[in-house]
file input-v7.cif (mmCIF, C-alpha atoms and all ligand atoms)
data_query
loop_
_atom_site.label_atom_id
_atom_site.label_comp_id
_atom_site.auth_asym_id
_atom_site.auth_seq_id
_atom_site.Cartn_x
_atom_site.Cartn_y
_atom_site.Cartn_z
CA MET A 1 0.00 0.00 0.00
CA LYS A 2 1.14 3.54 -0.72
CA ILE A 3 0.58 5.69 2.37
CA GLY A 4 0.67 9.51 2.37
CA VAL A 5 1.24 11.87 5.27
CA PRO A 6 0.59 15.53 4.35
CA LYS A 7 1.63 18.46 6.54
CA GLU A 8 -1.34 19.71 8.58
CA ILE A 9 -2.60 23.13 7.46
CA LYS A 10 -5.31 24.03 10.00
CA ASN A 11 -4.58 27.15 12.07
CA ASN A 12 -1.75 26.45 14.54
CA GLU A 13 -1.90 22.73 13.89
CA TYR A 14 1.52 21.20 14.43
CA ARG A 15 0.51 17.57 14.93
CA VAL A 16 1.36 15.05 12.21
CA GLY A 17 -0.50 11.89 11.17
CA MET A 18 2.45 9.53 11.53
CA THR A 19 5.62 9.71 13.62
CA PRO A 20 8.92 8.40 12.23
CA ALA A 21 8.47 5.36 14.52
CA ALA A 22 5.08 4.61 12.92
CA VAL A 23 6.55 5.07 9.45
CA HIS A 24 9.33 2.62 10.36
CA GLU A 25 6.74 -0.02 11.31
CA LEU A 26 4.75 0.41 8.11
CA CYS A 27 7.85 0.34 5.92
CA GLY A 28 8.86 -2.83 7.78
CA HIS A 29 5.59 -4.38 6.56
CA GLY A 30 6.64 -3.61 2.98
CA HIS A 31 4.57 -0.45 2.44
CA ASP A 32 5.71 2.77 0.75
CA VAL A 33 5.28 5.90 2.85
CA PHE A 34 5.31 9.42 1.36
CA VAL A 35 5.68 12.32 3.77
CA GLU A 36 5.32 15.99 2.85
CA THR A 37 8.48 17.96 3.55
CA GLN A 38 8.54 19.58 7.01
CA ALA A 39 5.38 17.68 8.05
CA GLY A 40 6.78 17.01 11.53
CA ALA A 41 9.51 19.64 11.72
CA ALA A 42 7.67 21.88 14.21
CA ILE A 43 7.66 19.10 16.81
CA GLY A 44 11.16 17.81 16.25
CA PHE A 45 10.53 15.14 13.59
CA THR A 46 12.83 16.18 10.74
CA ASP A 47 12.72 15.09 7.10
CA GLU A 48 15.93 13.17 7.82
CA ASP A 49 14.19 11.28 10.67
CA TYR A 50 11.43 10.24 8.26
CA GLN A 51 13.95 9.25 5.57
CA SER A 52 15.88 7.15 8.09
CA ALA A 53 12.58 5.44 8.95
CA GLY A 54 12.11 4.56 5.27
CA ALA A 55 9.83 7.36 3.98
CA GLN A 56 10.19 9.30 0.78
CA ILE A 57 9.90 13.07 1.25
CA LEU A 58 7.72 14.92 -1.27
CA ALA A 59 7.57 18.65 -1.94
CA ASP A 60 3.89 19.39 -1.34
CA ALA A 61 0.44 18.02 -0.50
CA LYS A 62 -0.45 17.62 -4.18
CA ALA A 63 2.49 15.25 -4.65
CA VAL A 64 1.55 13.27 -1.51
CA PHE A 65 -2.11 12.87 -2.54
CA GLY A 66 -0.92 11.94 -6.04
CA ALA A 67 1.52 9.26 -4.86
CA ALA A 68 -0.57 7.63 -2.10
CA THR A 69 -3.94 5.90 -1.80
CA LEU A 70 -4.15 5.76 2.02
CA ILE A 71 -3.94 9.29 3.48
CA VAL A 72 -3.22 9.48 7.21
CA LYS A 73 -3.86 12.88 8.80
CA VAL A 74 -4.89 14.49 12.08
CA LYS A 75 -7.49 17.18 11.42
CA GLU A 76 -10.41 17.22 9.02
CA PRO A 77 -9.28 18.00 5.47
CA GLN A 78 -9.38 21.69 4.66
CA PRO A 79 -11.00 22.83 1.34
CA GLU A 80 -7.70 22.76 -0.57
CA GLU A 81 -7.00 19.21 0.69
CA ARG A 82 -10.54 18.08 -0.18
CA ALA A 83 -9.89 19.22 -3.76
CA LEU A 84 -7.04 16.66 -3.96
CA LEU A 85 -9.17 13.66 -2.90
CA ASN A 86 -10.67 11.19 -5.36
CA ARG A 87 -12.29 7.74 -5.29
CA GLU A 88 -8.90 5.98 -5.25
CA HIS A 89 -8.21 7.43 -1.78
CA THR A 90 -8.92 6.19 1.71
CA LEU A 91 -8.78 9.05 4.22
CA PHE A 92 -8.08 8.21 7.87
CA THR A 93 -8.31 11.22 10.20
CA TYR A 94 -10.63 13.21 12.52
CA LEU A 95 -13.63 14.42 10.49
CA HIS A 96 -16.35 15.78 12.84
CA LEU A 97 -18.81 15.87 9.94
CA ALA A 98 -22.20 16.40 11.63
CA PRO A 99 -21.75 20.17 12.16
CA ASP A 100 -19.80 20.63 8.89
CA GLN A 101 -22.07 20.62 5.83
CA ALA A 102 -19.43 21.87 3.37
CA GLN A 103 -16.91 19.21 4.32
CA THR A 104 -19.55 16.47 4.19
CA ASP A 105 -20.69 17.57 0.72
CA ASP A 106 -17.09 17.70 -0.57
CA LEU A 107 -16.19 14.26 0.81
CA VAL A 108 -19.37 12.76 -0.68
CA ALA A 109 -18.46 14.32 -4.03
CA SER A 110 -14.88 12.99 -3.85
CA GLY A 111 -15.99 9.32 -3.89
CA ALA A 112 -13.22 8.55 -1.36
CA ILE A 113 -13.48 6.14 1.59
CA CYS A 114 -13.49 8.42 4.65
CA ILE A 115 -12.91 6.83 8.06
CA ALA A 116 -13.26 9.12 11.09
CA TYR A 117 -11.01 8.52 14.09
CA GLU A 118 -13.73 9.83 16.40
CA THR A 119 -16.31 7.15 15.64
CA VAL A 120 -14.05 4.06 15.68
CA THR A 121 -15.20 2.00 18.68
CA ASP A 122 -13.78 -0.65 21.01
CA ARG A 123 -15.23 -3.71 22.70
CA SER A 124 -16.60 -1.70 25.61
CA GLY A 125 -18.32 0.79 23.32
CA ARG A 126 -15.77 3.51 23.96
CA LEU A 127 -13.98 5.65 21.35
CA PRO A 128 -10.31 4.60 21.50
CA LEU A 129 -9.04 6.97 18.79
CA LEU A 130 -10.75 9.98 20.36
CA ALA A 131 -9.69 9.13 23.93
CA PRO A 132 -6.06 10.33 23.91
CA MET A 133 -6.98 13.72 22.43
CA SER A 134 -9.83 13.99 24.92
CA GLU A 135 -7.33 13.32 27.69
CA VAL A 136 -5.18 16.15 26.36
CA ALA A 137 -8.08 18.56 25.81
CA GLY A 138 -9.62 17.74 29.19
CA ARG A 139 -6.36 18.52 30.96
CA MET A 140 -5.85 21.65 28.86
CA SER A 141 -9.38 22.90 29.48
CA ILE A 142 -8.53 23.82 33.06
CA GLN A 143 -5.26 25.56 32.23
CA ALA A 144 -6.99 27.46 29.38
CA GLY A 145 -9.89 28.27 31.71
CA ALA A 146 -7.55 29.44 34.48
CA HIS A 147 -5.87 31.80 32.03
CA CYS A 148 -9.23 33.11 30.76
CA LEU A 149 -10.25 33.96 34.33
CA GLU A 150 -7.42 36.52 34.42
CA LYS A 151 -8.45 40.17 34.04
CA SER A 152 -6.27 40.80 30.98
CA VAL A 153 -8.41 38.47 28.85
CA GLY A 154 -11.76 39.68 30.20
CA GLY A 155 -12.02 37.23 33.11
CA ARG A 156 -13.31 38.07 36.55
CA GLY A 157 -9.88 38.02 38.14
CA VAL A 158 -10.27 34.81 40.11
CA LEU A 159 -7.52 32.33 40.99
CA LEU A 160 -8.74 28.73 40.63
CA GLY A 161 -7.33 27.51 43.90
CA GLY A 162 -8.02 30.64 45.93
CA VAL A 163 -5.58 31.41 48.78
CA PRO A 164 -5.84 30.97 52.56
CA GLY A 165 -8.79 33.08 53.68
CA VAL A 166 -10.33 33.37 50.16
CA SER A 167 -12.64 30.82 48.50
CA PRO A 168 -11.42 28.82 45.53
CA ALA A 169 -13.13 29.16 42.14
CA ARG A 170 -16.22 27.10 41.33
CA VAL A 171 -15.71 24.86 38.31
CA THR A 172 -18.58 23.02 36.60
CA VAL A 173 -17.85 20.20 34.17
CA VAL A 174 -20.77 19.33 31.86
CA GLY A 175 -20.21 15.74 30.67
CA GLY A 176 -18.09 13.39 32.77
CA GLY A 177 -16.57 11.27 29.98
CA VAL A 178 -12.90 11.28 29.01
CA VAL A 179 -12.61 15.08 28.65
CA GLY A 180 -14.69 15.57 31.79
CA GLN A 181 -12.70 13.15 33.94
CA ASN A 182 -9.43 14.76 32.93
CA ALA A 183 -10.83 18.24 33.56
CA VAL A 184 -12.04 17.16 37.00
CA ALA A 185 -8.62 15.73 37.89
CA MET A 186 -6.85 18.97 36.91
CA ALA A 187 -9.40 21.25 38.57
CA ILE A 188 -9.11 19.31 41.83
CA GLY A 189 -5.33 19.37 41.53
CA MET A 190 -5.44 23.15 41.30
CA GLY A 191 -7.68 23.40 44.36
CA ALA A 192 -10.96 24.43 42.73
CA GLN A 193 -14.41 23.53 44.01
CA VAL A 194 -15.73 21.08 41.39
CA THR A 195 -19.21 20.03 40.25
CA VAL A 196 -19.71 17.52 37.44
CA LEU A 197 -22.92 16.73 35.57
CA ASP A 198 -23.74 13.74 33.38
CA ARG A 199 -26.80 11.74 32.37
CA ASN A 200 -25.02 8.42 32.77
CA MET A 201 -25.26 7.31 36.41
CA ASP A 202 -22.29 4.94 36.03
CA VAL A 203 -20.14 7.93 35.08
CA LEU A 204 -21.27 9.81 38.19
CA ARG A 205 -20.82 6.75 40.44
CA ASN A 206 -17.31 6.23 39.14
CA LEU A 207 -16.37 9.88 39.81
CA ASP A 208 -17.95 9.72 43.26
CA HIS A 209 -15.98 6.56 43.98
CA LEU A 210 -12.74 8.26 42.88
CA TYR A 211 -13.15 11.61 44.63
CA GLY A 212 -15.78 11.09 47.33
CA ASN A 213 -17.01 14.34 48.84
CA ARG A 214 -14.16 16.29 47.24
CA ILE A 215 -16.55 16.88 44.30
CA THR A 216 -20.30 17.26 43.75
CA THR A 217 -21.90 14.99 41.16
CA LEU A 218 -25.26 15.97 39.66
CA PHE A 219 -27.57 14.14 37.32
CA SER A 220 -27.86 16.50 34.36
CA THR A 221 -31.25 18.11 33.82
CA VAL A 222 -32.15 21.58 32.60
CA HIS A 223 -32.71 22.52 36.23
CA THR A 224 -29.46 21.17 37.74
CA LEU A 225 -27.44 22.55 34.84
CA ASP A 226 -29.07 25.97 35.17
CA GLN A 227 -28.30 26.13 38.90
CA ALA A 228 -24.70 25.04 38.48
CA MET A 229 -24.07 27.43 35.59
CA VAL A 230 -25.19 30.60 37.33
CA GLU A 231 -22.94 29.84 40.31
CA SER A 232 -19.82 28.99 38.27
CA ASP A 233 -16.61 30.85 37.62
CA LEU A 234 -15.51 28.31 34.98
CA VAL A 235 -17.66 25.89 32.98
CA VAL A 236 -16.17 23.13 30.82
CA GLY A 237 -18.47 21.81 28.05
CA SER A 238 -17.61 18.17 27.41
CA VAL A 239 -20.73 16.28 26.34
CA LEU A 240 -20.77 13.95 23.37
CA ILE A 241 -23.28 11.90 21.45
CA PRO A 242 -20.89 10.00 19.15
CA GLY A 243 -20.89 11.27 15.57
CA ALA A 244 -23.78 13.69 16.19
CA SER A 245 -23.90 17.45 16.56
CA ALA A 246 -23.45 18.33 20.23
CA PRO A 247 -26.73 19.02 22.06
CA LYS A 248 -27.13 22.74 22.87
CA LEU A 249 -27.59 22.19 26.60
CA ILE A 250 -26.25 25.58 27.66
CA THR A 251 -28.72 28.26 26.64
CA ARG A 252 -28.07 31.92 25.96
CA ASP A 253 -30.19 32.72 29.00
CA MET A 254 -27.92 30.63 31.27
CA ILE A 255 -24.88 32.43 29.84
CA ARG A 256 -26.54 35.81 30.48
CA ARG A 257 -27.08 34.91 34.14
CA MET A 258 -23.51 33.73 34.78
CA PRO A 259 -21.29 36.14 36.75
CA GLU A 260 -19.61 38.89 34.73
CA GLY A 261 -16.14 37.67 33.69
CA SER A 262 -16.89 33.98 34.15
CA VAL A 263 -15.56 31.56 31.54
CA LEU A 264 -16.92 28.83 29.26
CA VAL A 265 -14.39 26.43 27.72
CA ASP A 266 -16.51 24.54 25.18
CA VAL A 267 -14.38 21.52 24.34
CA ALA A 268 -17.32 19.96 22.46
CA ILE A 269 -16.95 22.68 19.83
CA ASP A 270 -15.51 20.18 17.35
CA GLN A 271 -18.98 18.62 17.23
CA GLY A 272 -20.59 22.07 16.98
CA GLY A 273 -20.41 23.08 20.66
CA CYS A 274 -22.82 22.51 23.57
CA ALA A 275 -23.73 26.17 24.16
CA GLU A 276 -26.05 28.28 22.02
CA THR A 277 -23.41 31.01 22.15
CA SER A 278 -20.45 28.87 21.03
CA LYS A 279 -18.68 29.28 17.71
CA PRO A 280 -15.29 27.80 16.72
CA THR A 281 -12.16 29.83 17.45
CA THR A 282 -8.47 29.27 16.73
CA HIS A 283 -5.29 29.24 18.81
CA ASP A 284 -4.43 32.58 17.13
CA ASP A 285 -7.56 34.24 18.54
CA PRO A 286 -9.01 31.75 21.04
CA THR A 287 -11.60 33.79 22.94
CA TYR A 288 -14.55 36.12 22.49
CA ILE A 289 -17.05 37.53 24.99
CA VAL A 290 -20.86 37.12 25.02
CA ASP A 291 -22.88 38.80 27.77
CA GLY A 292 -19.73 39.25 29.85
CA VAL A 293 -18.77 35.55 29.65
CA VAL A 294 -15.40 34.70 28.10
CA HIS A 295 -15.83 31.90 25.55
CA TYR A 296 -12.84 29.68 24.64
CA CYS A 297 -13.93 27.42 21.75
CA VAL A 298 -10.77 26.13 20.06
CA ALA A 299 -11.64 23.10 17.93
CA ASN A 300 -8.11 21.68 17.89
CA MET A 301 -6.93 22.23 21.44
CA PRO A 302 -4.39 19.35 21.36
CA GLY A 303 -2.63 21.11 18.46
CA ALA A 304 -1.11 23.46 21.04
CA VAL A 305 0.78 20.61 22.69
CA ALA A 306 1.43 18.94 19.38
CA ARG A 307 4.36 16.75 20.34
CA THR A 308 2.61 15.08 23.29
CA SER A 309 -0.58 14.82 21.22
CA THR A 310 1.09 13.32 18.14
CA LEU A 311 2.80 10.64 20.21
CA ALA A 312 -0.44 9.85 22.08
CA LEU A 313 -2.47 9.74 18.86
CA ASN A 314 0.01 7.48 17.05
CA ASN A 315 -0.04 5.02 19.96
CA VAL A 316 -3.68 4.27 19.18
CA THR A 317 -3.91 4.81 15.41
CA LEU A 318 -0.90 2.69 14.40
CA PRO A 319 -2.62 -0.74 14.68
CA PHE A 320 -5.50 0.54 12.54
CA VAL A 321 -3.19 2.11 9.94
CA ALA A 322 -1.34 -1.21 9.78
CA ALA A 323 -4.61 -3.14 9.31
CA LEU A 324 -5.79 -0.76 6.58
CA ALA A 325 -2.47 -1.04 4.77
CA ASN A 326 -1.92 -4.78 5.24
CA LYS A 327 -5.42 -5.93 4.34
CA GLY A 328 -6.70 -3.06 2.22
CA PRO A 329 -9.50 -0.86 3.61
CA ILE A 330 -12.47 -3.02 2.57
CA ARG A 331 -11.16 -6.26 4.08
CA ALA A 332 -9.81 -4.47 7.15
CA MET A 333 -13.27 -3.01 7.87
CA LYS A 334 -15.14 -6.24 7.10
CA GLU A 335 -12.92 -8.10 9.56
CA ASP A 336 -13.20 -5.47 12.29
CA PRO A 337 -16.63 -4.01 13.12
CA HIS A 338 -14.94 -1.41 15.34
CA LEU A 339 -13.00 -0.01 12.38
CA MET A 340 -16.17 -0.26 10.28
CA ALA A 341 -17.84 2.00 12.89
CA GLY A 342 -15.39 4.68 11.77
CA LEU A 343 -16.67 4.66 8.21
CA ASN A 344 -18.56 7.91 7.68
CA ILE A 345 -18.52 8.26 3.88
CA ALA A 346 -17.68 5.92 1.00
CA ASP A 347 -18.38 5.81 -2.69
CA GLY A 348 -20.34 9.06 -2.56
CA LYS A 349 -22.63 7.87 0.24
CA VAL A 350 -22.95 8.80 3.92
CA THR A 351 -22.58 5.64 6.01
CA TYR A 352 -22.96 7.12 9.51
CA ARG A 353 -26.55 7.70 10.58
CA GLU A 354 -26.05 10.81 12.75
CA VAL A 355 -24.00 12.50 10.02
CA ALA A 356 -26.66 11.73 7.42
CA GLU A 357 -29.37 13.11 9.70
CA ALA A 358 -27.44 16.30 10.48
CA THR A 359 -26.46 17.06 6.89
CA GLY A 360 -29.55 16.02 4.94
CA HIS A 361 -27.83 13.23 3.03
CA SER A 362 -29.52 9.84 2.81
CA TYR A 363 -28.04 7.10 4.99
CA THR A 364 -26.49 3.97 3.52
CA ASP A 365 -25.71 0.99 5.74
CA PRO A 366 -21.92 0.46 5.56
CA GLU A 367 -22.21 -3.33 5.60
CA SER A 368 -24.54 -3.34 2.61
CA LEU A 369 -22.21 -0.95 0.81
CA LEU A 370 -19.05 -2.96 1.44
CA GLY A 371 -20.76 -6.36 0.96
CA SER A 372 -20.49 -9.19 3.46
N1 LIG B 401 -11.86 20.91 21.08
C1 LIG B 401 -10.96 19.96 21.01
O1 LIG B 401 -9.81 20.21 20.67
C2 LIG B 401 -11.31 18.56 21.36
C3 LIG B 401 -12.61 18.21 21.50
N2 LIG B 401 -12.97 16.97 21.92
C4 LIG B 401 -14.41 16.75 22.05
O2 LIG B 401 -14.84 16.74 23.40
C5 LIG B 401 -16.13 16.12 23.45
C6 LIG B 401 -16.18 15.09 24.60
O3 LIG B 401 -15.35 13.99 24.25
P1 LIG B 401 -15.16 12.74 25.24
O4 LIG B 401 -15.03 13.21 26.63
O5 LIG B 401 -14.09 11.91 24.65
O6 LIG B 401 -16.55 11.98 25.06
P2 LIG B 401 -17.13 10.84 26.06
O7 LIG B 401 -18.07 10.05 25.21
O8 LIG B 401 -16.03 10.15 26.77
O9 LIG B 401 -17.93 11.69 27.13
C7 LIG B 401 -19.11 12.40 26.82
C8 LIG B 401 -19.99 12.40 28.05
O10 LIG B 401 -21.12 13.25 27.77
C9 LIG B 401 -22.20 12.69 28.47
N3 LIG B 401 -23.45 13.26 28.00
C10 LIG B 401 -24.10 13.04 26.82
N4 LIG B 401 -25.23 13.76 26.78
C11 LIG B 401 -25.30 14.45 27.94
C12 LIG B 401 -26.24 15.36 28.52
N5 LIG B 401 -27.34 15.71 27.86
N6 LIG B 401 -25.96 15.89 29.75
C13 LIG B 401 -24.85 15.55 30.40
N7 LIG B 401 -23.93 14.68 29.94
C14 LIG B 401 -24.16 14.14 28.72
C15 LIG B 401 -22.06 11.19 28.22
O11 LIG B 401 -22.83 10.42 29.15
C16 LIG B 401 -20.56 11.01 28.39
O12 LIG B 401 -20.21 10.65 29.72
C17 LIG B 401 -16.34 15.52 22.05
O13 LIG B 401 -17.12 16.38 21.25
C18 LIG B 401 -14.93 15.45 21.50
O14 LIG B 401 -14.88 15.38 20.10
C19 LIG B 401 -12.05 16.01 22.20
C20 LIG B 401 -10.71 16.29 22.04
C21 LIG B 401 -10.23 17.57 21.57
C1 LIG B 402 -10.44 15.45 18.57
C2 LIG B 402 -10.04 16.72 17.97
O1 LIG B 402 -10.85 17.44 17.47
C3 LIG B 402 -8.66 17.09 17.96
O2 LIG B 402 -7.83 16.37 18.53
O3 LIG B 402 -8.32 18.13 17.38
MG MG B 403 -23.64 37.84 32.73
#

call {"tool": "encode", "arguments": {"input": "input-v7.cif", "output": "structure tokens", "more": "lines below"}}
Ligand SMILES: NC(=O)C1=CN([C@@H]2O[C@H](COP(=O)(O)OP(=O)(O)OC[C@H]3O[C@@H](n4cnc5c(N)ncnc54)[C@H](O)[C@@H]3O)[C@@H](O)[C@H]2O)C=CC1
Ligand SMILES: CC(=O)C(=O)O
Ligand SMILES: [Mg+2]
result
Amino acid sequence: MKIGVPKEIKNNEYRVGMTPAAVHELCGHGHDVFVETQAGAAIGFTDEDYQSAGAQILADAKAVFGAATLIVKVKEPQPEERALLNREHTLFTYLHLAPDQAQTDDLVASGAICIAYETVTDRSGRLPLLAPMSEVAGRMSIQAGAHCLEKSVGGRGVLLGGVPGVSPARVTVVGGGVVGQNAVAMAIGMGAQVTVLDRNMDVLRNLDHLYGNRITTLFSTVHTLDQAMVESDLVVGSVLIPGASAPKLITRDMIRRMPEGSVLVDVAIDQGGCAETSKPTTHDDPTYIVDGVVHYCVANMPGAVARTSTLALNNVTLPFVAALANKGPIRAMKEDPHLMAGLNIADGKVTYREVAEATGHSYTDPESLLGS
């Protein structure tokens, strides 16, 4: 198989789809790997490192997409990358299609096989290719939130941990999954007073078991969320319905009633965001203010700690890249229903129900499309 690794071009995105170590493994299996020049340079992976691992270095994305059939990336393809895709390609990357009509339409038109990291499953129903980036973003959400609480960025001038004689900040985490658990751990570590909401009682029981009365767990309803929001200094949005647009649980009215200078870090922004007031921002210009509340809505938070994130991502994607390359995408998916769960688009059809529903495309069952 010919595998291509283009340089990421999203704003401040320094991650790379494959590390030199991953390239070495794939070349060892007899595959050809083509890496765009400087693809990993920003995080210390030089062209020479990739060449030593067995890759060929190509001058630009056009050459990589021309030479390879399996494209391994990190972020959703940008318009200029989408223009390079055709039905010979298999694209393996984060896609987040439900809130992104233009990308969905372009990928349908390309005819390519498009497998989304974020909907690949595991035996316990979790999302193993999303998990490491959720760990990163969950941990980052508290440091980003702490910074946003500073006066210079419009925050209310509150220190998360307080000091002797002054109360700590109140942090509310909406969604206690992977992002939420990592946010809770960091917020507790910094001394904040933490409340976490979820609709899954097992999630709340597990957090209660871990932290006891150090945190407050609340079953998430409109009422409990409303109460927690208006008393919070920092809110982390971390709900997910896999593959679907994030539910808009946080209303504009709740935002209006939060304290002046409080902060919302909407990590779920990559699926459209869980607040009515959320819109995607970039690391270049990460925040904006609505009704006095600082909103941080960066859709590629892990890109800021790109070296850690690339290594963590490659740990989990490598076995799937190897399966796709060794068996070919169709056989690899037929033999692994968890990889098949990642298939969002193929042959001009949308094969993920929530994406079809959100974007107005008709849904095609992936098994019927690929044949059994
Ligand atoms: N902005 C960024 O850079 C990044 C964003 N993310 C995103 O963060 C979000 C969360 O990801 P994970 O934590 O991995 O997902 P997860 O599936 O581990 O956790 C989501 C949690 O939300 C809960 N939930 C669903 N509906 C709810 C409701 N109505 N009320 C309360 N809780 C509800 C679920 O029960 C689950 O515990 C996803 O959209 C993911 O794509 C992840 C990594 C980076
Ligand atoms: C998951 C995601 O959106 C990211 O890592 O950028
Ligand atoms: Mg207000």

call {"tool": "axis_aligned_box", "arguments": {"input": "input-v7.cif", "around": "ligand LIG 402 (chain B)", "padding_each_side": "6 Å", "output": "AutoDock Vina command-line options"}}
result
--center_x -9.3 --center_y 16.8 --center_z 18.0 --size_x 15.0 --size_y 14.7 --size_z 13.2

call {"tool": "residues_near_ligand", "arguments": {"input": "input-v7.cif", "ligand": "ligand LIG 401 (chain B)", "cutoff": "8 Å", "atoms": "only C-alpha atoms and all ligand atoms", "output": "ChimeraX atom specification"}}
result
/A:96,118,126-127,130-138,174-181,197-200,203,219-221,237-242,246-247,249,266-273,297-303

call {"tool": "closest_atom_pairs", "arguments": {"input": "input-v7.cif", "of": "chain A", "to": "ligand MG 403 (chain B)", "cutoff": "8 Å", "atoms": "all atoms listed in the file", "output": "tab-separated table"}}
result
residue	atom	partner	partner_atom	distance
A:Ile255	CA	B:MG403	MG	6.3
A:Arg256	CA	B:MG403	MG	4.2
A:Arg257	CA	B:MG403	MG	4.7
A:Met258	CA	B:MG403	MG	4.6
A:Pro259	CA	B:MG403	MG	5.0
A:Glu260	CA	B:MG403	MG	4.6
A:Gly261	CA	B:MG403	MG	7.6
A:Ser262	CA	B:MG403	MG	7.9
A:Asp291	CA	B:MG403	MG	5.1
A:Gly292	CA	B:MG403	MG	5.1
A:Val293	CA	B:MG403	MG	6.2

call {"tool": "write_last_selection", "arguments": {"input": "input-v7.cif", "atoms": "C-alpha atoms", "output": "short mmCIF file (atom, residue, chain, number, x, y, z; two decimals), keeping the file's coordinate frame"}}
result
data_model
loop_
_atom_site.label_atom_id
_atom_site.label_comp_id
_atom_site.auth_asym_id
_atom_site.auth_seq_id
_atom_site.Cartn_x
_atom_site.Cartn_y
_atom_site.Cartn_z
CA ILE A 255 -24.88 32.43 29.84
CA ARG A 256 -26.54 35.81 30.48
CA ARG A 257 -27.08 34.91 34.14
CA MET A 258 -23.51 33.73 34.78
CA PRO A 259 -21.29 36.14 36.75
CA GLU A 260 -19.61 38.89 34.73
CA GLY A 261 -16.14 37.67 33.69
CA SER A 262 -16.89 33.98 34.15
CA ASP A 291 -22.88 38.80 27.77
CA GLY A 292 -19.73 39.25 29.85
CA VAL A 293 -18.77 35.55 29.65
#

call {"tool": "atom_distance", "arguments": {"input": "input-v7.cif", "atom1": "CA of Tyr94 (chain A)", "atom2": "CA of Cys114 (chain A)"}}
result
9.6 Å

call {"tool": "residues_around", "arguments": {"input": "input-v7.cif", "residues": "region 213-216 of chain A", "least_positions_apart": "5", "cutoff": "9 Å", "atoms": "all atoms listed in the file", "output": "VMD selection string"}}
result
chain A and resid 184 188 193 to 197 207 to 208

call {"tool": "atom_distance", "arguments": {"input": "input-v7.cif", "atom1": "CA of Ala183 (chain A)", "atom2": "CA of Ser141 (chain A)"}}
result
6.4 Å

call {"tool": "residues_around", "arguments": {"input": "input-v7.cif", "residues": "region 316-324 of chain A", "least_positions_apart": "3", "cutoff": "9 Å", "atoms": "all atoms listed in the file", "output": "NGL selection string"}}
result
:A and (1 or 17-18 or 22 or 25-26 or 29 or 70 or 72 or 92 or 117 or 128-129 or 132 or 312-313 or 327-333 or 339)

call {"tool": "closest_residue", "arguments": {"input": "input-v7.cif", "among": "A:Gln227, A:Thr310, A:Thr251, A:Gln143", "to": "ligand LIG 402 (chain B)", "atoms": "only C-alpha atoms and all ligand atoms"}}
result
A:Thr310

call {"tool": "atom_distance", "arguments": {"input": "input-v7.cif", "atom1": "CA of Val35 (chain A)", "atom2": "CA of Gly243 (chain A)"}}
result
29.1 Å

call {"tool": "closest_residue", "arguments": {"input": "input-v7.cif", "among": "A:Arg205, A:Lys2, A:His147, A:Lys75", "to": "ligand LIG 402 (chain B)", "atoms": "all atoms listed in the file"}}
result
A:Lys75

call {"tool": "residues_around", "arguments": {"input": "input-v7.cif", "residues": "His295 (chain A)", "least_positions_apart": "2", "cutoff": "9 Å", "atoms": "all atoms listed in the file", "output": "PDB file with C-alpha atoms, in the frame of the given file"}}
result
ATOM      1  CA  CYS A 148      -9.230  33.110  30.760  1.00  0.00           C
ATOM      2  CA  SER A 262     -16.890  33.980  34.150  1.00  0.00           C
ATOM      3  CA  VAL A 263     -15.560  31.560  31.540  1.00  0.00           C
ATOM      4  CA  LEU A 264     -16.920  28.830  29.260  1.00  0.00           C
ATOM      5  CA  VAL A 265     -14.390  26.430  27.720  1.00  0.00           C
ATOM      6  CA  ASP A 266     -16.510  24.540  25.180  1.00  0.00           C
ATOM      7  CA  THR A 277     -23.410  31.010  22.150  1.00  0.00           C
ATOM      8  CA  SER A 278     -20.450  28.870  21.030  1.00  0.00           C
ATOM      9  CA  LYS A 279     -18.680  29.280  17.710  1.00  0.00           C
ATOM     10  CA  PRO A 286      -9.010  31.750  21.040  1.00  0.00           C
ATOM     11  CA  THR A 287     -11.600  33.790  22.940  1.00  0.00           C
ATOM     12  CA  TYR A 288     -14.550  36.120  22.490  1.00  0.00           C
ATOM     13  CA  ILE A 289     -17.050  37.530  24.990  1.00  0.00           C
ATOM     14  CA  VAL A 290     -20.860  37.120  25.020  1.00  0.00           C
ATOM     15  CA  VAL A 293     -18.770  35.550  29.650  1.00  0.00           C
ATOM     16  CA  CYS A 297     -13.930  27.420  21.750  1.00  0.00           C
TER      17      CYS A 297
END

call {"tool": "closest_residue", "arguments": {"input": "input-v7.cif", "among": "A:Gly145, A:Pro280, A:Gly189, A:Gly54", "to": "ligand LIG 402 (chain B)", "atoms": "only C-alpha atoms and all ligand atoms"}}
result
A:Pro280

call {"tool": "closest_residue", "arguments": {"input": "input-v7.cif", "among": "A:Asp60, A:Glu48, A:Glu276, A:Glu76", "to": "Lys7 (chain A)", "atoms": "all atoms listed in the file"}}
result
A:Asp60
